[in-house]
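To be precise, the following lines are my_file_37.cif, and they hold mmCIF, N, CA and C atoms.
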data_run
#
loop_
_atom_site.label_atom_id
_atom_site.label_comp_id
_atom_site.auth_asym_id
_atom_site.auth_seq_id
_atom_site.Cartn_x
_atom_site.Cartn_y
_atom_site.Cartn_z
N MET A 1 -39.38 31.19 -1.54
CA MET A 1 -39.91 29.98 -0.95
C MET A 1 -39.40 28.75 -1.68
N ASN A 2 -39.39 28.80 -3.02
CA ASN A 2 -38.90 27.65 -3.79
C ASN A 2 -37.43 27.38 -3.48
N THR A 3 -36.64 28.44 -3.32
CA THR A 3 -35.21 28.28 -3.03
C THR A 3 -35.03 27.61 -1.68
N GLN A 4 -35.80 28.05 -0.70
CA GLN A 4 -35.69 27.48 0.64
C GLN A 4 -36.11 26.01 0.62
N LYS A 5 -37.16 25.69 -0.12
CA LYS A 5 -37.64 24.31 -0.18
C LYS A 5 -36.62 23.42 -0.89
N SER A 6 -36.01 23.90 -1.96
CA SER A 6 -35.03 23.08 -2.68
C SER A 6 -33.77 22.87 -1.84
N GLN A 7 -33.40 23.85 -1.00
CA GLN A 7 -32.25 23.69 -0.12
C GLN A 7 -32.53 22.66 0.96
N GLN A 8 -33.76 22.56 1.39
CA GLN A 8 -34.13 21.59 2.40
C GLN A 8 -34.08 20.17 1.83
N ASN A 9 -34.31 20.01 0.54
CA ASN A 9 -34.33 18.70 -0.10
C ASN A 9 -32.98 18.29 -0.66
N THR A 10 -31.98 19.15 -0.55
CA THR A 10 -30.65 18.84 -1.07
C THR A 10 -29.95 17.89 -0.10
N LEU A 11 -29.39 16.83 -0.65
CA LEU A 11 -28.66 15.88 0.19
C LEU A 11 -27.32 16.48 0.59
N GLU A 12 -26.96 16.25 1.83
CA GLU A 12 -25.67 16.74 2.31
C GLU A 12 -24.56 15.92 1.66
N ASP A 13 -23.56 16.58 1.15
CA ASP A 13 -22.44 15.92 0.49
C ASP A 13 -21.16 16.35 1.21
N ILE A 14 -20.71 15.49 2.11
CA ILE A 14 -19.54 15.81 2.93
C ILE A 14 -18.27 15.52 2.12
N LYS A 15 -17.34 16.45 2.13
CA LYS A 15 -16.08 16.27 1.41
C LYS A 15 -15.22 15.25 2.17
N ILE A 16 -14.79 14.22 1.45
CA ILE A 16 -13.96 13.15 2.02
C ILE A 16 -12.52 13.39 1.60
N SER A 17 -11.59 13.24 2.52
CA SER A 17 -10.19 13.47 2.20
C SER A 17 -9.66 12.40 1.24
N VAL A 18 -8.63 12.74 0.51
CA VAL A 18 -7.98 11.80 -0.41
C VAL A 18 -7.49 10.59 0.36
N LYS A 19 -6.97 10.80 1.56
CA LYS A 19 -6.47 9.69 2.37
C LYS A 19 -7.56 8.65 2.62
N LEU A 20 -8.75 9.10 2.97
CA LEU A 20 -9.85 8.16 3.24
C LEU A 20 -10.33 7.49 1.95
N LYS A 21 -10.34 8.22 0.85
CA LYS A 21 -10.71 7.62 -0.43
C LYS A 21 -9.73 6.51 -0.81
N LEU A 22 -8.43 6.77 -0.63
CA LEU A 22 -7.42 5.77 -0.93
C LEU A 22 -7.56 4.55 -0.02
N ALA A 23 -7.78 4.78 1.25
CA ALA A 23 -7.95 3.66 2.18
C ALA A 23 -9.18 2.83 1.82
N ALA A 24 -10.26 3.49 1.42
CA ALA A 24 -11.47 2.78 1.01
C ALA A 24 -11.23 1.97 -0.27
N LEU A 25 -10.49 2.54 -1.22
CA LEU A 25 -10.17 1.81 -2.45
C LEU A 25 -9.29 0.59 -2.15
N TRP A 26 -8.30 0.73 -1.28
CA TRP A 26 -7.46 -0.42 -0.91
C TRP A 26 -8.28 -1.47 -0.18
N THR A 27 -9.23 -1.05 0.65
CA THR A 27 -10.10 -2.00 1.36
C THR A 27 -10.97 -2.76 0.36
N SER A 28 -11.55 -2.06 -0.59
CA SER A 28 -12.35 -2.71 -1.63
C SER A 28 -11.49 -3.69 -2.43
N PHE A 29 -10.28 -3.25 -2.77
CA PHE A 29 -9.35 -4.10 -3.50
C PHE A 29 -9.07 -5.38 -2.71
N MET A 30 -8.83 -5.25 -1.40
CA MET A 30 -8.49 -6.41 -0.58
C MET A 30 -9.64 -7.41 -0.50
N PHE A 31 -10.87 -6.92 -0.34
CA PHE A 31 -12.01 -7.83 -0.30
C PHE A 31 -12.10 -8.61 -1.61
N LEU A 32 -11.97 -7.92 -2.72
CA LEU A 32 -12.07 -8.58 -4.02
C LEU A 32 -10.92 -9.57 -4.22
N TYR A 33 -9.73 -9.16 -3.87
CA TYR A 33 -8.55 -10.00 -3.97
C TYR A 33 -8.76 -11.31 -3.20
N ALA A 34 -9.22 -11.20 -1.96
CA ALA A 34 -9.44 -12.37 -1.12
C ALA A 34 -10.56 -13.26 -1.67
N TYR A 35 -11.65 -12.65 -2.10
CA TYR A 35 -12.78 -13.45 -2.57
C TYR A 35 -12.52 -14.14 -3.91
N VAL A 36 -11.77 -13.51 -4.79
CA VAL A 36 -11.42 -14.18 -6.06
C VAL A 36 -10.61 -15.44 -5.74
N ASP A 37 -9.65 -15.33 -4.81
CA ASP A 37 -8.88 -16.51 -4.41
C ASP A 37 -9.77 -17.54 -3.72
N TYR A 38 -10.68 -17.09 -2.89
CA TYR A 38 -11.59 -18.01 -2.19
C TYR A 38 -12.47 -18.77 -3.19
N PHE A 39 -13.07 -18.05 -4.13
CA PHE A 39 -13.94 -18.70 -5.11
C PHE A 39 -13.17 -19.63 -6.04
N HIS A 40 -11.87 -19.42 -6.17
CA HIS A 40 -11.03 -20.32 -6.96
C HIS A 40 -11.08 -21.74 -6.39
N LEU A 41 -11.28 -21.84 -5.07
CA LEU A 41 -11.37 -23.16 -4.43
C LEU A 41 -12.53 -23.99 -4.95
N TYR A 42 -13.56 -23.35 -5.51
CA TYR A 42 -14.73 -24.06 -6.02
C TYR A 42 -14.50 -24.63 -7.42
N MET A 43 -13.41 -24.26 -8.05
CA MET A 43 -13.14 -24.77 -9.40
C MET A 43 -12.74 -26.24 -9.32
N PRO A 44 -13.28 -27.07 -10.21
CA PRO A 44 -12.94 -28.50 -10.17
C PRO A 44 -11.42 -28.71 -10.27
N GLY A 45 -10.92 -29.60 -9.44
CA GLY A 45 -9.51 -29.96 -9.45
C GLY A 45 -8.65 -29.14 -8.51
N THR A 46 -9.15 -28.00 -8.05
CA THR A 46 -8.33 -27.14 -7.20
C THR A 46 -7.99 -27.81 -5.88
N LEU A 47 -8.98 -28.38 -5.22
CA LEU A 47 -8.72 -29.01 -3.92
C LEU A 47 -7.79 -30.22 -4.08
N GLU A 48 -7.96 -30.96 -5.16
CA GLU A 48 -7.07 -32.10 -5.41
C GLU A 48 -5.63 -31.62 -5.60
N ASP A 49 -5.47 -30.52 -6.35
CA ASP A 49 -4.13 -29.96 -6.54
C ASP A 49 -3.54 -29.49 -5.21
N LEU A 50 -4.35 -28.84 -4.39
CA LEU A 50 -3.87 -28.39 -3.08
C LEU A 50 -3.44 -29.58 -2.22
N LEU A 51 -4.27 -30.62 -2.22
CA LEU A 51 -3.92 -31.81 -1.43
C LEU A 51 -2.66 -32.49 -1.96
N ALA A 52 -2.41 -32.34 -3.27
CA ALA A 52 -1.19 -32.90 -3.87
C ALA A 52 0.00 -31.96 -3.69
N GLY A 53 -0.23 -30.79 -3.08
CA GLY A 53 0.87 -29.87 -2.79
C GLY A 53 1.22 -28.93 -3.92
N LYS A 54 0.24 -28.61 -4.78
CA LYS A 54 0.49 -27.73 -5.93
C LYS A 54 -0.49 -26.57 -5.97
N VAL A 55 0.01 -25.40 -6.36
CA VAL A 55 -0.81 -24.25 -6.72
C VAL A 55 -0.29 -23.78 -8.06
N PHE A 56 -1.13 -23.91 -9.11
CA PHE A 56 -0.73 -23.60 -10.48
C PHE A 56 0.46 -24.48 -10.81
N VAL A 57 1.64 -23.94 -11.03
CA VAL A 57 2.82 -24.76 -11.31
C VAL A 57 3.79 -24.77 -10.12
N PHE A 58 3.37 -24.16 -9.01
CA PHE A 58 4.25 -24.00 -7.86
C PHE A 58 3.99 -25.09 -6.82
N ASP A 59 5.07 -25.59 -6.22
CA ASP A 59 4.96 -26.50 -5.09
C ASP A 59 4.60 -25.71 -3.85
N ILE A 60 3.67 -26.23 -3.06
CA ILE A 60 3.32 -25.57 -1.81
C ILE A 60 4.41 -25.92 -0.79
N SER A 61 5.03 -24.88 -0.27
CA SER A 61 6.08 -25.03 0.74
C SER A 61 5.96 -23.85 1.70
N GLN A 62 6.77 -23.87 2.74
CA GLN A 62 6.77 -22.74 3.66
C GLN A 62 7.17 -21.46 2.93
N THR A 63 8.13 -21.58 2.01
CA THR A 63 8.57 -20.41 1.24
C THR A 63 7.45 -19.88 0.36
N PHE A 64 6.74 -20.78 -0.33
CA PHE A 64 5.64 -20.36 -1.19
C PHE A 64 4.57 -19.63 -0.37
N ILE A 65 4.20 -20.19 0.76
CA ILE A 65 3.16 -19.57 1.60
C ILE A 65 3.64 -18.23 2.16
N LEU A 66 4.91 -18.14 2.54
CA LEU A 66 5.46 -16.87 3.02
C LEU A 66 5.41 -15.81 1.92
N ILE A 67 5.79 -16.18 0.70
CA ILE A 67 5.75 -15.23 -0.43
C ILE A 67 4.31 -14.80 -0.70
N ALA A 68 3.37 -15.76 -0.67
CA ALA A 68 1.96 -15.44 -0.90
C ALA A 68 1.45 -14.49 0.18
N LEU A 69 1.81 -14.75 1.44
CA LEU A 69 1.38 -13.87 2.53
C LEU A 69 2.02 -12.50 2.42
N ALA A 70 3.29 -12.45 2.04
CA ALA A 70 3.97 -11.16 1.87
C ALA A 70 3.29 -10.35 0.76
N ALA A 71 2.94 -11.02 -0.34
CA ALA A 71 2.26 -10.34 -1.44
C ALA A 71 0.91 -9.79 -0.99
N LEU A 72 0.21 -10.53 -0.16
CA LEU A 72 -1.09 -10.10 0.35
C LEU A 72 -0.95 -8.99 1.39
N THR A 73 0.16 -9.01 2.13
CA THR A 73 0.37 -8.04 3.20
C THR A 73 0.54 -6.62 2.66
N ILE A 74 1.11 -6.48 1.47
CA ILE A 74 1.36 -5.14 0.93
C ILE A 74 0.07 -4.34 0.78
N PRO A 75 -0.96 -4.84 0.07
CA PRO A 75 -2.19 -4.04 0.01
C PRO A 75 -2.90 -3.91 1.36
N VAL A 76 -2.74 -4.90 2.23
CA VAL A 76 -3.33 -4.79 3.58
C VAL A 76 -2.72 -3.59 4.29
N LEU A 77 -1.41 -3.47 4.25
CA LEU A 77 -0.73 -2.34 4.89
C LEU A 77 -1.08 -1.01 4.22
N MET A 78 -1.37 -1.04 2.92
CA MET A 78 -1.70 0.19 2.21
C MET A 78 -2.99 0.83 2.74
N ILE A 79 -3.88 0.02 3.30
CA ILE A 79 -5.09 0.58 3.91
C ILE A 79 -4.69 1.53 5.03
N PHE A 80 -3.81 1.06 5.91
CA PHE A 80 -3.33 1.90 7.02
C PHE A 80 -2.43 3.03 6.53
N LEU A 81 -1.47 2.70 5.67
CA LEU A 81 -0.51 3.71 5.21
C LEU A 81 -1.20 4.85 4.47
N SER A 82 -2.29 4.57 3.78
CA SER A 82 -3.01 5.62 3.06
C SER A 82 -3.59 6.66 4.01
N VAL A 83 -3.83 6.27 5.24
CA VAL A 83 -4.34 7.21 6.23
C VAL A 83 -3.21 7.81 7.05
N ALA A 84 -2.14 7.04 7.31
CA ALA A 84 -1.12 7.46 8.26
C ALA A 84 0.04 8.24 7.66
N LEU A 85 0.42 7.97 6.43
CA LEU A 85 1.59 8.63 5.85
C LEU A 85 1.33 10.11 5.57
N PRO A 86 2.37 10.95 5.64
CA PRO A 86 2.21 12.34 5.22
C PRO A 86 1.92 12.40 3.71
N ALA A 87 1.31 13.47 3.28
CA ALA A 87 0.78 13.57 1.91
C ALA A 87 1.78 13.22 0.82
N LYS A 88 2.96 13.78 0.85
CA LYS A 88 3.92 13.56 -0.24
C LYS A 88 4.34 12.09 -0.32
N ALA A 89 4.71 11.50 0.81
CA ALA A 89 5.08 10.08 0.84
C ALA A 89 3.88 9.21 0.49
N ASN A 90 2.71 9.60 0.98
CA ASN A 90 1.47 8.87 0.73
C ASN A 90 1.18 8.82 -0.77
N ARG A 91 1.29 9.97 -1.41
CA ARG A 91 1.01 10.07 -2.84
C ARG A 91 1.89 9.11 -3.64
N TRP A 92 3.20 9.19 -3.42
CA TRP A 92 4.12 8.37 -4.21
C TRP A 92 4.04 6.89 -3.85
N THR A 93 3.81 6.59 -2.58
CA THR A 93 3.66 5.19 -2.18
C THR A 93 2.45 4.56 -2.86
N ASN A 94 1.34 5.28 -2.88
CA ASN A 94 0.14 4.76 -3.53
C ASN A 94 0.34 4.59 -5.04
N ILE A 95 0.96 5.56 -5.67
CA ILE A 95 1.19 5.48 -7.12
C ILE A 95 2.08 4.28 -7.44
N ILE A 96 3.18 4.13 -6.72
CA ILE A 96 4.13 3.05 -7.00
C ILE A 96 3.54 1.67 -6.71
N VAL A 97 2.96 1.51 -5.53
CA VAL A 97 2.44 0.20 -5.14
C VAL A 97 1.28 -0.22 -6.05
N ALA A 98 0.38 0.69 -6.37
CA ALA A 98 -0.74 0.35 -7.26
C ALA A 98 -0.23 0.00 -8.66
N THR A 99 0.75 0.74 -9.15
CA THR A 99 1.31 0.48 -10.48
C THR A 99 1.97 -0.90 -10.54
N VAL A 100 2.70 -1.26 -9.50
CA VAL A 100 3.36 -2.57 -9.45
C VAL A 100 2.34 -3.70 -9.35
N HIS A 101 1.22 -3.44 -8.69
CA HIS A 101 0.21 -4.49 -8.51
C HIS A 101 -0.59 -4.79 -9.78
N ILE A 102 -0.66 -3.88 -10.71
CA ILE A 102 -1.46 -4.14 -11.93
C ILE A 102 -0.95 -5.37 -12.68
N PRO A 103 0.34 -5.47 -13.04
CA PRO A 103 0.77 -6.69 -13.73
C PRO A 103 0.66 -7.94 -12.85
N TYR A 104 0.85 -7.78 -11.55
CA TYR A 104 0.71 -8.91 -10.63
C TYR A 104 -0.72 -9.46 -10.65
N MET A 105 -1.71 -8.57 -10.66
CA MET A 105 -3.10 -9.01 -10.71
C MET A 105 -3.40 -9.71 -12.05
N LEU A 106 -2.84 -9.20 -13.12
CA LEU A 106 -3.06 -9.80 -14.43
C LEU A 106 -2.36 -11.15 -14.55
N PHE A 107 -1.24 -11.35 -13.84
CA PHE A 107 -0.56 -12.65 -13.82
C PHE A 107 -1.47 -13.74 -13.28
N ASN A 108 -2.36 -13.35 -12.37
CA ASN A 108 -3.28 -14.33 -11.79
C ASN A 108 -4.20 -14.96 -12.83
N LEU A 109 -4.24 -14.39 -14.03
CA LEU A 109 -5.07 -14.95 -15.11
C LEU A 109 -4.31 -16.02 -15.90
N ALA A 110 -3.02 -16.21 -15.58
CA ALA A 110 -2.24 -17.24 -16.29
C ALA A 110 -2.84 -18.61 -16.00
N GLY A 111 -2.77 -19.49 -16.97
CA GLY A 111 -3.36 -20.82 -16.81
C GLY A 111 -4.84 -20.77 -17.14
N GLU A 112 -5.58 -21.61 -16.47
CA GLU A 112 -7.03 -21.67 -16.71
C GLU A 112 -7.72 -20.54 -15.94
N ALA A 113 -8.25 -19.58 -16.67
CA ALA A 113 -8.91 -18.43 -16.04
C ALA A 113 -10.41 -18.51 -16.32
N TRP A 114 -11.18 -18.71 -15.28
CA TRP A 114 -12.62 -18.70 -15.42
C TRP A 114 -13.11 -17.26 -15.44
N ILE A 115 -14.35 -17.10 -15.84
CA ILE A 115 -14.92 -15.76 -16.02
C ILE A 115 -14.91 -14.97 -14.70
N HIS A 116 -15.09 -15.63 -13.56
CA HIS A 116 -15.06 -14.90 -12.29
C HIS A 116 -13.66 -14.32 -12.04
N MET A 117 -12.62 -15.01 -12.50
CA MET A 117 -11.25 -14.52 -12.33
C MET A 117 -11.00 -13.33 -13.25
N VAL A 118 -11.51 -13.40 -14.46
CA VAL A 118 -11.35 -12.29 -15.41
C VAL A 118 -12.10 -11.07 -14.88
N PHE A 119 -13.34 -11.28 -14.44
CA PHE A 119 -14.13 -10.18 -13.87
C PHE A 119 -13.41 -9.56 -12.68
N GLY A 120 -12.92 -10.42 -11.76
CA GLY A 120 -12.19 -9.92 -10.59
C GLY A 120 -10.97 -9.13 -10.98
N ALA A 121 -10.20 -9.64 -11.96
CA ALA A 121 -8.98 -8.95 -12.40
C ALA A 121 -9.31 -7.59 -13.01
N VAL A 122 -10.38 -7.53 -13.80
CA VAL A 122 -10.78 -6.26 -14.42
C VAL A 122 -11.14 -5.24 -13.33
N VAL A 123 -11.94 -5.66 -12.36
CA VAL A 123 -12.34 -4.73 -11.30
C VAL A 123 -11.14 -4.36 -10.43
N GLU A 124 -10.26 -5.33 -10.15
CA GLU A 124 -9.05 -5.02 -9.37
C GLU A 124 -8.19 -3.97 -10.09
N VAL A 125 -8.02 -4.12 -11.39
CA VAL A 125 -7.22 -3.16 -12.16
C VAL A 125 -7.91 -1.79 -12.17
N ILE A 126 -9.23 -1.77 -12.28
CA ILE A 126 -9.96 -0.50 -12.23
C ILE A 126 -9.73 0.18 -10.87
N LEU A 127 -9.82 -0.59 -9.78
CA LEU A 127 -9.58 -0.03 -8.44
C LEU A 127 -8.15 0.50 -8.32
N LEU A 128 -7.19 -0.25 -8.84
CA LEU A 128 -5.79 0.20 -8.79
C LEU A 128 -5.59 1.47 -9.62
N CYS A 129 -6.26 1.55 -10.77
CA CYS A 129 -6.18 2.77 -11.60
C CYS A 129 -6.81 3.96 -10.89
N LEU A 130 -7.90 3.72 -10.16
CA LEU A 130 -8.51 4.80 -9.37
C LEU A 130 -7.56 5.26 -8.26
N ILE A 131 -6.87 4.31 -7.64
CA ILE A 131 -5.89 4.66 -6.61
C ILE A 131 -4.81 5.56 -7.21
N ILE A 132 -4.29 5.15 -8.37
CA ILE A 132 -3.26 5.94 -9.05
C ILE A 132 -3.81 7.33 -9.38
N ARG A 133 -5.03 7.39 -9.90
CA ARG A 133 -5.63 8.67 -10.30
C ARG A 133 -5.82 9.60 -9.10
N TYR A 134 -6.41 9.09 -8.00
CA TYR A 134 -6.62 9.93 -6.82
C TYR A 134 -5.29 10.41 -6.25
N ALA A 135 -4.29 9.51 -6.20
CA ALA A 135 -2.98 9.91 -5.66
C ALA A 135 -2.31 10.92 -6.59
N TRP A 136 -2.41 10.70 -7.90
CA TRP A 136 -1.78 11.60 -8.87
C TRP A 136 -2.38 13.00 -8.81
N LYS A 137 -3.69 13.07 -8.64
CA LYS A 137 -4.40 14.36 -8.62
C LYS A 137 -4.57 14.90 -7.19
N TRP A 138 -3.73 14.48 -6.29
CA TRP A 138 -3.81 14.91 -4.89
C TRP A 138 -3.90 16.44 -4.85
N PRO A 139 -4.90 16.99 -4.16
CA PRO A 139 -5.04 18.46 -4.11
C PRO A 139 -3.82 19.12 -3.48
N ARG A 140 -3.49 20.26 -3.98
CA ARG A 140 -2.33 21.02 -3.50
C ARG A 140 -2.82 22.23 -2.69
N ASN A 141 -2.06 22.61 -1.69
CA ASN A 141 -2.34 23.85 -0.96
C ASN A 141 -1.97 25.02 -1.84
N GLN A 142 -2.80 26.04 -1.84
CA GLN A 142 -2.52 27.25 -2.60
C GLN A 142 -1.60 28.15 -1.77
N ALA A 143 -0.53 28.62 -2.38
CA ALA A 143 0.39 29.53 -1.69
C ALA A 143 -0.32 30.85 -1.45
N SER A 144 -0.16 31.37 -0.23
CA SER A 144 -0.80 32.66 0.06
C SER A 144 0.07 33.80 -0.45
N ASN A 145 -0.56 34.84 -0.97
CA ASN A 145 0.16 35.99 -1.55
C ASN A 145 0.39 37.04 -0.53
#
Show how you would write the structure in this file as structure tokens.
Amino acid sequence: MNTQKSQQNTLEDIKISVKLKLAALWTSFMFLYAYVDYFHLYMPGTLEDLLAGKVFVFDISQTFILIALAALTIPVLMIFLSVALPAKANRWTNIIVATVHIPYMLFNLAGEAWIHMVFGAVVEVILLCLIIRYAWKWPRNQASN
């Protein structure tokens, strides 16, 4: 009776595929990435710099905005690619893209970095490390004897 009762109280734990875990991690990364940039607008002087045509030390131009959008597009596409690519290509794409993004996220701390930016960068790097870990430890099919 105790065994039956404990089985009734056990929460169902559905196994989630690596692909969905990776897509969820990229989605979490994207939300954080976007919100850290959004909250940067609240820092004193940011809007004045934008109106003067500057972001950090860069002039705002069509090229700058295109590069910024291209940089943002990569993790956006990774949400889809993590679900759509075949396992082998998926694994290596996630490992490479996440690894390349770690220094890029840390570059965002150059200049005046407020605590929200440091916190965001730390969590972003943790999410990228989790992406690398899940992709690296991708389960393998066992060969049948």
Which of A:Leu11, A:Ile79, A:Leu72, A:Ala135 sits closest to Trp92 of chain A [using all atoms listed in the file]:
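Residue with the minimum atom-to-atom distance to Trp92 of chain A: A:Ala135.
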So how far away is atom CA of Gly45 of chain A from atom CA of Asn108 of chain A, in Å?
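Answer for the atom CA of Asn108 of chain A to atom CA of Gly45 of chain A separation: 17.0 Å.
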Write out as a ChimeraX atom specification which residues come within 9 Å of segment 49-65 of chain A when counting only C-alpha atoms, dropping same-chain ones fewer than 4 positions away.
/A:45,69-70,110-111
Option closest in space to Val97 of chain A, from A:Leu128, A:Leu81, A:Val123, A:Ala71 [counting all atoms listed in the file]:
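Closest to Val97 of chain A, using all atoms listed in the file: A:Leu128.
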Using only N, CA and C atoms, which residue out of A:Ile126, A:Ser82, A:Met117, A:Ser17 lies closest to Asp37 of chain A?
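Looking only at the distances to Asp37 of chain A, the closest residue turns out to be A:Met117.
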Distance atom N of Leu32 of chain A-atom C of Glu124 of chain A, one decimal place?
9.2 Å
Could you pull out all residues of segment 8-85 of chain A with a DSSP call of strand (DSSP E or B) and give them as a VMD selection string?
chain A and resid 54 to 55 58 to 59
